[in-house]
>>> print(open('model36.txt').read())   # compact mmCIF, N, CA and C atoms
# COMPACT_ATOMS: atom_id res chain seq x y z
N MET K 1 49.94 -38.63 67.37
CA MET K 1 50.69 -37.43 67.61
C MET K 1 50.14 -36.32 66.72
N SER K 2 50.03 -35.15 67.29
CA SER K 2 49.51 -34.03 66.52
C SER K 2 50.58 -33.48 65.58
N LEU K 3 50.13 -32.79 64.56
CA LEU K 3 51.06 -32.19 63.61
C LEU K 3 51.90 -31.11 64.30
N LYS K 4 51.28 -30.40 65.22
CA LYS K 4 51.99 -29.35 65.95
C LYS K 4 53.15 -29.94 66.75
N ARG K 5 52.91 -31.06 67.42
CA ARG K 5 53.96 -31.71 68.21
C ARG K 5 55.06 -32.24 67.28
N ALA K 6 54.68 -32.78 66.14
CA ALA K 6 55.67 -33.29 65.19
C ALA K 6 56.59 -32.17 64.71
N TYR K 7 56.02 -31.01 64.42
CA TYR K 7 56.85 -29.89 63.99
C TYR K 7 57.72 -29.37 65.13
N LEU K 8 57.23 -29.43 66.35
CA LEU K 8 58.02 -29.03 67.50
C LEU K 8 59.23 -29.97 67.66
N LEU K 9 59.01 -31.26 67.49
CA LEU K 9 60.11 -32.22 67.54
C LEU K 9 61.10 -31.97 66.40
N LEU K 10 60.60 -31.59 65.25
CA LEU K 10 61.48 -31.26 64.13
C LEU K 10 62.33 -30.03 64.45
N VAL K 11 61.75 -29.05 65.11
CA VAL K 11 62.50 -27.87 65.54
C VAL K 11 63.61 -28.28 66.51
N PHE K 12 63.30 -29.17 67.45
CA PHE K 12 64.33 -29.67 68.37
C PHE K 12 65.44 -30.39 67.60
N ALA K 13 65.07 -31.15 66.58
CA ALA K 13 66.07 -31.85 65.77
C ALA K 13 66.99 -30.84 65.08
N ILE K 14 66.40 -29.79 64.55
CA ILE K 14 67.18 -28.76 63.86
C ILE K 14 68.11 -28.04 64.82
N LEU K 15 67.58 -27.64 65.97
CA LEU K 15 68.39 -26.89 66.94
C LEU K 15 69.55 -27.71 67.48
N THR K 16 69.29 -28.98 67.79
CA THR K 16 70.39 -29.81 68.32
C THR K 16 71.45 -30.04 67.25
N GLU K 17 71.04 -30.18 66.00
CA GLU K 17 72.02 -30.33 64.92
C GLU K 17 72.84 -29.05 64.75
N VAL K 18 72.18 -27.91 64.81
CA VAL K 18 72.87 -26.62 64.65
C VAL K 18 73.89 -26.43 65.77
N PHE K 19 73.50 -26.73 67.00
CA PHE K 19 74.45 -26.60 68.10
C PHE K 19 75.62 -27.57 67.94
N ALA K 20 75.33 -28.77 67.47
CA ALA K 20 76.40 -29.76 67.26
C ALA K 20 77.40 -29.28 66.22
N VAL K 21 76.90 -28.78 65.12
CA VAL K 21 77.79 -28.32 64.04
C VAL K 21 78.64 -27.14 64.51
N ASN K 22 78.05 -26.22 65.24
CA ASN K 22 78.80 -25.07 65.70
C ASN K 22 79.79 -25.42 66.81
N LEU K 23 79.50 -26.49 67.56
CA LEU K 23 80.47 -26.94 68.55
C LEU K 23 81.75 -27.45 67.89
N MET K 24 81.62 -28.02 66.70
CA MET K 24 82.81 -28.47 65.98
C MET K 24 83.79 -27.31 65.78
N LYS K 25 83.27 -26.18 65.36
CA LYS K 25 84.14 -25.02 65.11
C LYS K 25 84.58 -24.37 66.42
N ALA K 26 83.65 -24.21 67.34
CA ALA K 26 83.95 -23.51 68.59
C ALA K 26 84.95 -24.27 69.46
N SER K 27 84.90 -25.59 69.44
CA SER K 27 85.78 -26.37 70.32
C SER K 27 87.17 -26.56 69.73
N ALA K 28 87.34 -26.24 68.46
CA ALA K 28 88.63 -26.37 67.77
C ALA K 28 89.22 -27.77 67.93
N GLY K 29 88.35 -28.78 67.88
CA GLY K 29 88.82 -30.16 67.92
C GLY K 29 89.12 -30.71 69.30
N GLU K 30 88.82 -29.97 70.35
CA GLU K 30 89.05 -30.48 71.71
C GLU K 30 88.05 -31.58 72.02
N ILE K 31 88.43 -32.48 72.90
CA ILE K 31 87.63 -33.68 73.16
C ILE K 31 86.25 -33.35 73.71
N TRP K 32 86.13 -32.35 74.59
CA TRP K 32 84.83 -32.01 75.16
C TRP K 32 83.86 -31.55 74.06
N GLY K 33 84.38 -30.84 73.08
CA GLY K 33 83.54 -30.37 71.98
C GLY K 33 83.08 -31.52 71.09
N LEU K 34 83.99 -32.44 70.83
CA LEU K 34 83.64 -33.59 69.98
C LEU K 34 82.61 -34.49 70.66
N VAL K 35 82.80 -34.74 71.94
CA VAL K 35 81.84 -35.58 72.68
C VAL K 35 80.47 -34.90 72.72
N SER K 36 80.47 -33.62 73.02
CA SER K 36 79.20 -32.86 73.04
C SER K 36 78.53 -32.88 71.67
N MET K 37 79.34 -32.74 70.63
CA MET K 37 78.81 -32.75 69.27
C MET K 37 78.13 -34.08 68.97
N TYR K 38 78.78 -35.18 69.31
CA TYR K 38 78.19 -36.50 69.03
C TYR K 38 76.90 -36.72 69.82
N VAL K 39 76.86 -36.28 71.06
CA VAL K 39 75.64 -36.41 71.87
C VAL K 39 74.50 -35.62 71.23
N LEU K 40 74.80 -34.39 70.81
CA LEU K 40 73.78 -33.56 70.19
C LEU K 40 73.32 -34.13 68.85
N LEU K 41 74.22 -34.71 68.09
CA LEU K 41 73.82 -35.31 66.81
C LEU K 41 72.91 -36.52 67.03
N VAL K 42 73.19 -37.31 68.05
CA VAL K 42 72.31 -38.44 68.38
C VAL K 42 70.92 -37.93 68.77
N LEU K 43 70.88 -36.89 69.59
CA LEU K 43 69.59 -36.30 69.97
C LEU K 43 68.86 -35.75 68.75
N SER K 44 69.60 -35.13 67.86
CA SER K 44 68.99 -34.58 66.65
C SER K 44 68.30 -35.67 65.84
N TYR K 45 69.00 -36.78 65.62
CA TYR K 45 68.40 -37.88 64.86
C TYR K 45 67.24 -38.51 65.61
N TYR K 46 67.31 -38.54 66.92
CA TYR K 46 66.20 -39.08 67.72
C TYR K 46 64.94 -38.22 67.55
N PHE K 47 65.11 -36.90 67.69
CA PHE K 47 63.96 -35.99 67.50
C PHE K 47 63.42 -36.06 66.08
N MET K 48 64.33 -36.19 65.12
CA MET K 48 63.90 -36.31 63.72
C MET K 48 63.06 -37.58 63.54
N ALA K 49 63.52 -38.68 64.10
CA ALA K 49 62.79 -39.95 63.98
C ALA K 49 61.40 -39.83 64.59
N LEU K 50 61.29 -39.16 65.71
CA LEU K 50 59.98 -38.98 66.34
C LEU K 50 59.07 -38.12 65.47
N SER K 51 59.61 -37.08 64.87
CA SER K 51 58.79 -36.21 64.03
C SER K 51 58.29 -36.93 62.78
N LEU K 52 59.05 -37.94 62.32
CA LEU K 52 58.66 -38.67 61.12
C LEU K 52 57.45 -39.56 61.31
N LYS K 53 57.00 -39.71 62.55
CA LYS K 53 55.77 -40.47 62.79
C LYS K 53 54.56 -39.73 62.22
N ARG K 54 54.70 -38.40 62.05
CA ARG K 54 53.56 -37.60 61.58
C ARG K 54 53.85 -36.82 60.30
N ILE K 55 55.11 -36.42 60.10
CA ILE K 55 55.49 -35.62 58.94
C ILE K 55 56.13 -36.55 57.92
N SER K 56 55.83 -36.36 56.65
CA SER K 56 56.44 -37.20 55.63
C SER K 56 57.95 -36.97 55.60
N VAL K 57 58.69 -38.00 55.27
CA VAL K 57 60.15 -37.94 55.34
C VAL K 57 60.73 -36.90 54.39
N GLY K 58 60.16 -36.76 53.21
CA GLY K 58 60.66 -35.78 52.26
C GLY K 58 60.53 -34.35 52.76
N VAL K 59 59.39 -34.06 53.34
CA VAL K 59 59.14 -32.71 53.86
C VAL K 59 60.01 -32.46 55.08
N ALA K 60 60.04 -33.40 56.01
CA ALA K 60 60.82 -33.22 57.24
C ALA K 60 62.30 -33.05 56.92
N TYR K 61 62.82 -33.87 56.03
CA TYR K 61 64.24 -33.80 55.71
C TYR K 61 64.58 -32.48 55.01
N ALA K 62 63.73 -32.04 54.12
CA ALA K 62 63.97 -30.77 53.43
C ALA K 62 63.99 -29.61 54.44
N ILE K 63 63.05 -29.60 55.33
CA ILE K 63 62.99 -28.54 56.35
C ILE K 63 64.21 -28.61 57.24
N TRP K 64 64.54 -29.82 57.66
CA TRP K 64 65.68 -30.03 58.56
C TRP K 64 66.97 -29.52 57.93
N GLU K 65 67.20 -29.87 56.70
CA GLU K 65 68.44 -29.48 56.03
C GLU K 65 68.50 -27.98 55.77
N VAL K 66 67.45 -27.41 55.21
CA VAL K 66 67.50 -25.99 54.84
C VAL K 66 67.50 -25.09 56.07
N LEU K 67 66.60 -25.33 57.02
CA LEU K 67 66.58 -24.46 58.20
C LEU K 67 67.83 -24.65 59.04
N GLY K 68 68.33 -25.88 59.09
CA GLY K 68 69.59 -26.12 59.80
C GLY K 68 70.73 -25.35 59.15
N ALA K 69 70.79 -25.39 57.84
CA ALA K 69 71.85 -24.68 57.11
C ALA K 69 71.73 -23.16 57.31
N VAL K 70 70.50 -22.65 57.25
CA VAL K 70 70.30 -21.21 57.45
C VAL K 70 70.73 -20.80 58.85
N CYS K 71 70.39 -21.60 59.85
CA CYS K 71 70.80 -21.29 61.23
C CYS K 71 72.32 -21.32 61.37
N VAL K 72 72.96 -22.33 60.78
CA VAL K 72 74.42 -22.43 60.84
C VAL K 72 75.06 -21.23 60.15
N VAL K 73 74.52 -20.83 59.02
CA VAL K 73 75.05 -19.66 58.30
C VAL K 73 74.91 -18.40 59.16
N CYS K 74 73.75 -18.23 59.77
CA CYS K 74 73.53 -17.04 60.61
C CYS K 74 74.52 -17.00 61.78
N ILE K 75 74.72 -18.14 62.40
CA ILE K 75 75.68 -18.19 63.52
C ILE K 75 77.09 -17.93 63.01
N SER K 76 77.43 -18.47 61.86
CA SER K 76 78.78 -18.25 61.33
C SER K 76 79.01 -16.79 60.99
N VAL K 77 77.97 -16.11 60.55
CA VAL K 77 78.10 -14.68 60.22
C VAL K 77 78.15 -13.83 61.49
N PHE K 78 77.22 -14.06 62.42
CA PHE K 78 77.11 -13.18 63.58
C PHE K 78 78.05 -13.54 64.72
N TYR K 79 78.40 -14.81 64.86
CA TYR K 79 79.26 -15.21 65.97
C TYR K 79 80.72 -15.37 65.54
N PHE K 80 80.93 -16.03 64.41
CA PHE K 80 82.30 -16.28 63.96
C PHE K 80 82.82 -15.21 63.01
N GLY K 81 81.97 -14.26 62.63
CA GLY K 81 82.40 -13.14 61.80
C GLY K 81 82.68 -13.46 60.35
N GLU K 82 82.10 -14.54 59.84
CA GLU K 82 82.28 -14.90 58.44
C GLU K 82 81.39 -14.03 57.56
N GLU K 83 81.74 -13.88 56.30
CA GLU K 83 80.96 -13.05 55.37
C GLU K 83 80.35 -13.92 54.28
N LEU K 84 79.19 -13.47 53.77
CA LEU K 84 78.50 -14.17 52.69
C LEU K 84 78.60 -13.39 51.39
N LEU K 85 78.76 -14.11 50.31
CA LEU K 85 78.69 -13.49 48.99
C LEU K 85 77.22 -13.27 48.63
N TRP K 86 76.96 -12.40 47.67
CA TRP K 86 75.57 -12.13 47.30
C TRP K 86 74.91 -13.38 46.74
N THR K 87 75.67 -14.24 46.07
CA THR K 87 75.10 -15.47 45.53
C THR K 87 74.67 -16.42 46.65
N GLN K 88 75.43 -16.42 47.74
CA GLN K 88 75.05 -17.25 48.88
C GLN K 88 73.77 -16.73 49.53
N LYS K 89 73.64 -15.42 49.60
CA LYS K 89 72.42 -14.82 50.16
C LYS K 89 71.20 -15.16 49.30
N VAL K 90 71.36 -15.08 47.99
CA VAL K 90 70.27 -15.44 47.07
C VAL K 90 69.91 -16.91 47.24
N GLY K 91 70.91 -17.76 47.37
CA GLY K 91 70.67 -19.19 47.57
C GLY K 91 69.87 -19.47 48.84
N ILE K 92 70.17 -18.74 49.90
CA ILE K 92 69.43 -18.91 51.15
C ILE K 92 67.98 -18.50 50.97
N VAL K 93 67.75 -17.38 50.33
CA VAL K 93 66.37 -16.91 50.09
C VAL K 93 65.60 -17.93 49.25
N LEU K 94 66.24 -18.43 48.19
CA LEU K 94 65.58 -19.43 47.34
C LEU K 94 65.29 -20.72 48.11
N SER K 95 66.20 -21.13 48.98
CA SER K 95 65.99 -22.33 49.79
C SER K 95 64.79 -22.17 50.71
N ILE K 96 64.70 -21.02 51.35
CA ILE K 96 63.57 -20.77 52.24
C ILE K 96 62.26 -20.75 51.46
N GLY K 97 62.28 -20.17 50.26
CA GLY K 97 61.09 -20.18 49.40
C GLY K 97 60.70 -21.60 49.03
N GLY K 98 61.69 -22.44 48.74
CA GLY K 98 61.41 -23.84 48.42
C GLY K 98 60.77 -24.57 49.59
N ILE K 99 61.26 -24.34 50.78
CA ILE K 99 60.68 -24.97 51.97
C ILE K 99 59.24 -24.51 52.17
N ALA K 100 58.99 -23.24 51.94
CA ALA K 100 57.63 -22.72 52.08
C ALA K 100 56.69 -23.42 51.10
N LEU K 101 57.14 -23.62 49.87
CA LEU K 101 56.30 -24.30 48.86
C LEU K 101 56.08 -25.77 49.23
N ILE K 102 57.11 -26.43 49.72
CA ILE K 102 56.97 -27.83 50.13
C ILE K 102 55.96 -27.95 51.26
N ASN K 103 56.05 -27.07 52.25
CA ASN K 103 55.09 -27.10 53.37
C ASN K 103 53.68 -26.81 52.91
N TYR K 104 53.54 -25.84 52.03
CA TYR K 104 52.21 -25.50 51.50
C TYR K 104 51.58 -26.72 50.83
N ALA K 105 52.35 -27.39 49.99
CA ALA K 105 51.82 -28.56 49.29
C ALA K 105 51.48 -29.68 50.27
N GLU K 106 52.30 -29.88 51.28
CA GLU K 106 52.05 -30.93 52.28
C GLU K 106 50.76 -30.65 53.05
N LEU K 107 50.59 -29.41 53.50
CA LEU K 107 49.39 -29.06 54.26
C LEU K 107 48.15 -29.13 53.39
N LYS K 108 48.26 -28.71 52.14
CA LYS K 108 47.12 -28.78 51.21
C LYS K 108 46.72 -30.24 50.98
N ASN K 109 47.70 -31.11 50.79
CA ASN K 109 47.45 -32.53 50.59
C ASN K 109 46.81 -33.15 51.83
N GLU K 110 47.29 -32.75 53.01
CA GLU K 110 46.73 -33.29 54.25
C GLU K 110 45.26 -32.88 54.43
N ARG K 111 44.94 -31.63 54.11
CA ARG K 111 43.55 -31.18 54.20
C ARG K 111 42.66 -31.95 53.22
N LYS K 112 43.19 -32.18 52.02
CA LYS K 112 42.44 -32.93 51.01
C LYS K 112 42.15 -34.34 51.49
N GLU K 113 43.15 -34.99 52.10
CA GLU K 113 42.96 -36.34 52.63
C GLU K 113 41.96 -36.35 53.78
N ALA K 114 42.01 -35.34 54.63
CA ALA K 114 41.08 -35.25 55.76
C ALA K 114 39.65 -35.07 55.26
N GLU K 115 39.48 -34.24 54.23
CA GLU K 115 38.15 -34.05 53.66
C GLU K 115 37.64 -35.34 53.02
N SER K 116 38.52 -36.06 52.35
CA SER K 116 38.16 -37.32 51.73
C SER K 116 37.73 -38.35 52.78
N ASP K 117 38.48 -38.39 53.89
CA ASP K 117 38.14 -39.31 54.97
C ASP K 117 36.79 -38.98 55.59
N SER K 118 36.52 -37.68 55.80
CA SER K 118 35.25 -37.29 56.41
C SER K 118 34.08 -37.55 55.46
N THR K 119 34.31 -37.42 54.15
CA THR K 119 33.27 -37.72 53.17
C THR K 119 32.96 -39.21 53.17
N GLN K 120 33.98 -40.04 53.25
CA GLN K 120 33.78 -41.50 53.27
C GLN K 120 33.03 -41.92 54.54
N ILE K 121 33.35 -41.29 55.66
CA ILE K 121 32.67 -41.61 56.91
C ILE K 121 31.21 -41.20 56.81
N ALA K 122 30.93 -40.03 56.22
CA ALA K 122 29.55 -39.57 56.08
C ALA K 122 28.74 -40.50 55.18
N HIS K 123 29.36 -41.00 54.11
CA HIS K 123 28.66 -41.93 53.22
C HIS K 123 28.37 -43.26 53.90
N LYS K 124 29.30 -43.72 54.72
CA LYS K 124 29.06 -44.98 55.44
C LYS K 124 27.95 -44.82 56.46
N GLY K 125 27.87 -43.64 57.05
CA GLY K 125 26.83 -43.39 58.05
C GLY K 125 25.45 -43.35 57.44
N MET K 126 25.31 -42.97 56.15
CA MET K 126 24.02 -42.90 55.50
C MET K 126 23.54 -44.27 55.04
N GLN K 127 24.45 -45.22 54.91
CA GLN K 127 24.05 -46.54 54.38
C GLN K 127 23.41 -47.39 55.42
>>> encode(input="model36.txt", output="structure tokens")
Amino acid sequence: MSLKRAYLLLVFAILTEVFAVNLMKASAGEIWGLVSMYVLLVLSYYFMALSLKRISVGVAYAIWEVLGAVCVVCISVFYFGEELLWTQKVGIVLSIGGIALINYAELKNERKEAESDSTQIAHKGMQ
């Protein structure tokens, strides 16, 4: 599986979780909302499991949690009319910065491993 496809599956995992969480509030505890929420949560974990075939669990989970939380916060502000304190806004910015650093390190490590593998293959070919 390509890295691009793994990240796409991770995006699906995040979106289904975000919809599930917001259904809890929007349905006000009605049975249709709860059933829909559970179905979406199962799909979310399924997509997450598929993405873990290519993305390390630490990176995927960090992205899933932070981006999911940011999406839920945005929906709560714009759809449900909730307000954020300045400290919450700072926390969101710091979380996004942390995810960016985690991804940077993961991609840098992956390139290093790929270069190492190609060097080993080249050495074997010369022998």
>>> axis_aligned_box(input="model36.txt", around="segment 61-76 of chain K", padding_each_side="8 Å", output="lines of an AutoDock Vina configuration file")
center_x = 70.9
center_y = -25.3
center_z = 58.5
size_x = 32.2
size_y = 33.1
size_z = 26.1
>>> residues_around(input="model36.txt", residues="Met24 of chain K", least_positions_apart="6", cutoff="7 Å", atoms="all atoms listed in the file", output="PyMOL selection string")
chain K and resi 33-34+37
>>> atom_distance(input="model36.txt", atom1="atom N of Val70 of chain K", atom2="atom CA of Ile92 of chain K")
7.2 Å
>>> closest_residue(input="model36.txt", among="K:Leu85, K:Val39, K:Val59, K:Leu8", to="Ala105 of chain K", atoms="only C-alpha atoms")
K:Val59
>>> atom_distance(input="model36.txt", atom1="atom C of Arg111 of chain K", atom2="atom N of Leu3 of chain K")
13.6 Å
>>> closest_residue(input="model36.txt", among="K:Leu101, K:Ile63, K:Leu52, K:Ala28", to="Val11 of chain K", atoms="only C-alpha atoms")
K:Ile63
>>> residues_around(input="model36.txt", residues="Val73 of chain K", least_positions_apart="3", cutoff="12 Å", atoms="only C-alpha atoms", output="PyMOL selection string")
chain K and resi 18+21-22+66-70+76-85+88-89+91-92
>>> atom_distance(input="model36.txt", atom1="atom CA of Phe12 of chain K", atom2="atom CA of Ile99 of chain K")
17.4 Å
>>> residues_around(input="model36.txt", residues="Ser51 of chain K", least_positions_apart="5", cutoff="9 Å", atoms="only C-alpha atoms", output="list in words")
Met1, Leu3, Arg5, Ala6, Tyr7, Leu8, Leu9, Leu10, Ala13, Tyr46, Ser56, Val57 and Ala60 of chain K
>>> closest_residue(input="model36.txt", among="K:Lys108, K:Ala114, K:Ala20, K:Val93", to="Tyr38 of chain K", atoms="all atoms listed in the file")
K:Ala20
>>> closest_residue(input="model36.txt", among="K:Ser44, K:Ser2, K:Ser27, K:Ser36", to="Leu15 of chain K", atoms="all atoms listed in the file")
K:Ser44
>>> build_atoms(input="model36.txt", residues="segment 53-64 of chain K", atoms="all heavy atoms", output="mmCIF file, keeping the file's coordinate frame")
data_model
loop_
_atom_site.group_PDB
_atom_site.id
_atom_site.type_symbol
_atom_site.label_atom_id
_atom_site.label_comp_id
_atom_site.auth_asym_id
_atom_site.auth_seq_id
_atom_site.Cartn_x
_atom_site.Cartn_y
_atom_site.Cartn_z
ATOM 1 N N LYS K 53 57.000 -39.710 62.550
ATOM 2 C CA LYS K 53 55.770 -40.470 62.790
ATOM 3 C C LYS K 53 54.560 -39.730 62.220
ATOM 4 O O LYS K 53 53.541 -40.337 61.950
ATOM 5 C CB LYS K 53 55.574 -40.708 64.289
ATOM 6 C CG LYS K 53 56.579 -41.673 64.867
ATOM 7 C CD LYS K 53 56.328 -41.890 66.340
ATOM 8 C CE LYS K 53 57.313 -42.891 66.904
ATOM 9 N NZ LYS K 53 57.087 -43.134 68.323
ATOM 10 N N ARG K 54 54.700 -38.400 62.050
ATOM 11 C CA ARG K 54 53.560 -37.600 61.580
ATOM 12 C C ARG K 54 53.850 -36.820 60.300
ATOM 13 O O ARG K 54 52.970 -36.573 59.502
ATOM 14 C CB ARG K 54 53.163 -36.635 62.704
ATOM 15 C CG ARG K 54 51.934 -35.820 62.440
ATOM 16 C CD ARG K 54 50.687 -36.708 62.440
ATOM 17 N NE ARG K 54 49.488 -35.943 62.515
ATOM 18 C CZ ARG K 54 48.865 -35.427 61.470
ATOM 19 N NH1 ARG K 54 49.343 -35.585 60.276
ATOM 20 N NH2 ARG K 54 47.771 -34.732 61.630
ATOM 21 N N ILE K 55 55.110 -36.420 60.100
ATOM 22 C CA ILE K 55 55.490 -35.620 58.940
ATOM 23 C C ILE K 55 56.130 -36.550 57.920
ATOM 24 O O ILE K 55 56.914 -37.420 58.282
ATOM 25 C CB ILE K 55 56.480 -34.507 59.335
ATOM 26 C CG1 ILE K 55 55.915 -33.624 60.442
ATOM 27 C CG2 ILE K 55 56.842 -33.660 58.119
ATOM 28 C CD1 ILE K 55 56.924 -32.654 61.020
ATOM 29 N N SER K 56 55.830 -36.360 56.650
ATOM 30 C CA SER K 56 56.440 -37.200 55.630
ATOM 31 C C SER K 56 57.950 -36.970 55.600
ATOM 32 O O SER K 56 58.425 -35.869 55.870
ATOM 33 C CB SER K 56 55.825 -36.938 54.255
ATOM 34 O OG SER K 56 56.181 -35.664 53.802
ATOM 35 N N VAL K 57 58.690 -38.000 55.270
ATOM 36 C CA VAL K 57 60.150 -37.940 55.340
ATOM 37 C C VAL K 57 60.730 -36.900 54.390
ATOM 38 O O VAL K 57 61.686 -36.197 54.729
ATOM 39 C CB VAL K 57 60.776 -39.342 55.128
ATOM 40 C CG1 VAL K 57 60.603 -39.812 53.702
ATOM 41 C CG2 VAL K 57 62.236 -39.346 55.510
ATOM 42 N N GLY K 58 60.160 -36.760 53.210
ATOM 43 C CA GLY K 58 60.660 -35.780 52.260
ATOM 44 C C GLY K 58 60.530 -34.350 52.760
ATOM 45 O O GLY K 58 61.448 -33.544 52.644
ATOM 46 N N VAL K 59 59.390 -34.060 53.340
ATOM 47 C CA VAL K 59 59.140 -32.710 53.860
ATOM 48 C C VAL K 59 60.010 -32.460 55.080
ATOM 49 O O VAL K 59 60.667 -31.415 55.193
ATOM 50 C CB VAL K 59 57.643 -32.540 54.207
ATOM 51 C CG1 VAL K 59 57.398 -31.250 54.963
ATOM 52 C CG2 VAL K 59 56.816 -32.586 52.937
ATOM 53 N N ALA K 60 60.040 -33.400 56.010
ATOM 54 C CA ALA K 60 60.820 -33.220 57.240
ATOM 55 C C ALA K 60 62.300 -33.050 56.920
ATOM 56 O O ALA K 60 62.971 -32.174 57.482
ATOM 57 C CB ALA K 60 60.606 -34.397 58.176
ATOM 58 N N TYR K 61 62.820 -33.870 56.030
ATOM 59 C CA TYR K 61 64.240 -33.800 55.710
ATOM 60 C C TYR K 61 64.580 -32.480 55.010
ATOM 61 O O TYR K 61 65.607 -31.866 55.314
ATOM 62 C CB TYR K 61 64.660 -34.984 54.830
ATOM 63 C CG TYR K 61 66.136 -35.049 54.616
ATOM 64 C CD1 TYR K 61 66.986 -35.444 55.639
ATOM 65 C CD2 TYR K 61 66.699 -34.679 53.403
ATOM 66 C CE1 TYR K 61 68.358 -35.486 55.455
ATOM 67 C CE2 TYR K 61 68.066 -34.719 53.204
ATOM 68 C CZ TYR K 61 68.895 -35.118 54.240
ATOM 69 O OH TYR K 61 70.254 -35.151 54.051
ATOM 70 N N ALA K 62 63.730 -32.040 54.120
ATOM 71 C CA ALA K 62 63.970 -30.770 53.430
ATOM 72 C C ALA K 62 63.990 -29.610 54.440
ATOM 73 O O ALA K 62 64.880 -28.751 54.390
ATOM 74 C CB ALA K 62 62.908 -30.537 52.364
ATOM 75 N N ILE K 63 63.050 -29.600 55.330
ATOM 76 C CA ILE K 63 62.990 -28.540 56.350
ATOM 77 C C ILE K 63 64.210 -28.610 57.240
ATOM 78 O O ILE K 63 64.851 -27.592 57.546
ATOM 79 C CB ILE K 63 61.694 -28.658 57.178
ATOM 80 C CG1 ILE K 63 60.485 -28.355 56.301
ATOM 81 C CG2 ILE K 63 61.736 -27.720 58.384
ATOM 82 C CD1 ILE K 63 59.171 -28.690 56.952
ATOM 83 N N TRP K 64 64.540 -29.820 57.660
ATOM 84 C CA TRP K 64 65.680 -30.030 58.560
ATOM 85 C C TRP K 64 66.970 -29.520 57.930
ATOM 86 O O TRP K 64 67.748 -28.813 58.574
ATOM 87 C CB TRP K 64 65.763 -31.527 58.872
ATOM 88 C CG TRP K 64 66.766 -31.966 59.873
ATOM 89 C CD1 TRP K 64 67.053 -31.388 61.075
ATOM 90 C CD2 TRP K 64 67.602 -33.117 59.779
ATOM 91 N NE1 TRP K 64 68.007 -32.123 61.722
ATOM 92 C CE2 TRP K 64 68.370 -33.188 60.955
ATOM 93 C CE3 TRP K 64 67.767 -34.108 58.815
ATOM 94 C CZ2 TRP K 64 69.275 -34.205 61.188
ATOM 95 C CZ3 TRP K 64 68.668 -35.121 59.063
ATOM 96 C CH2 TRP K 64 69.417 -35.161 60.231
#
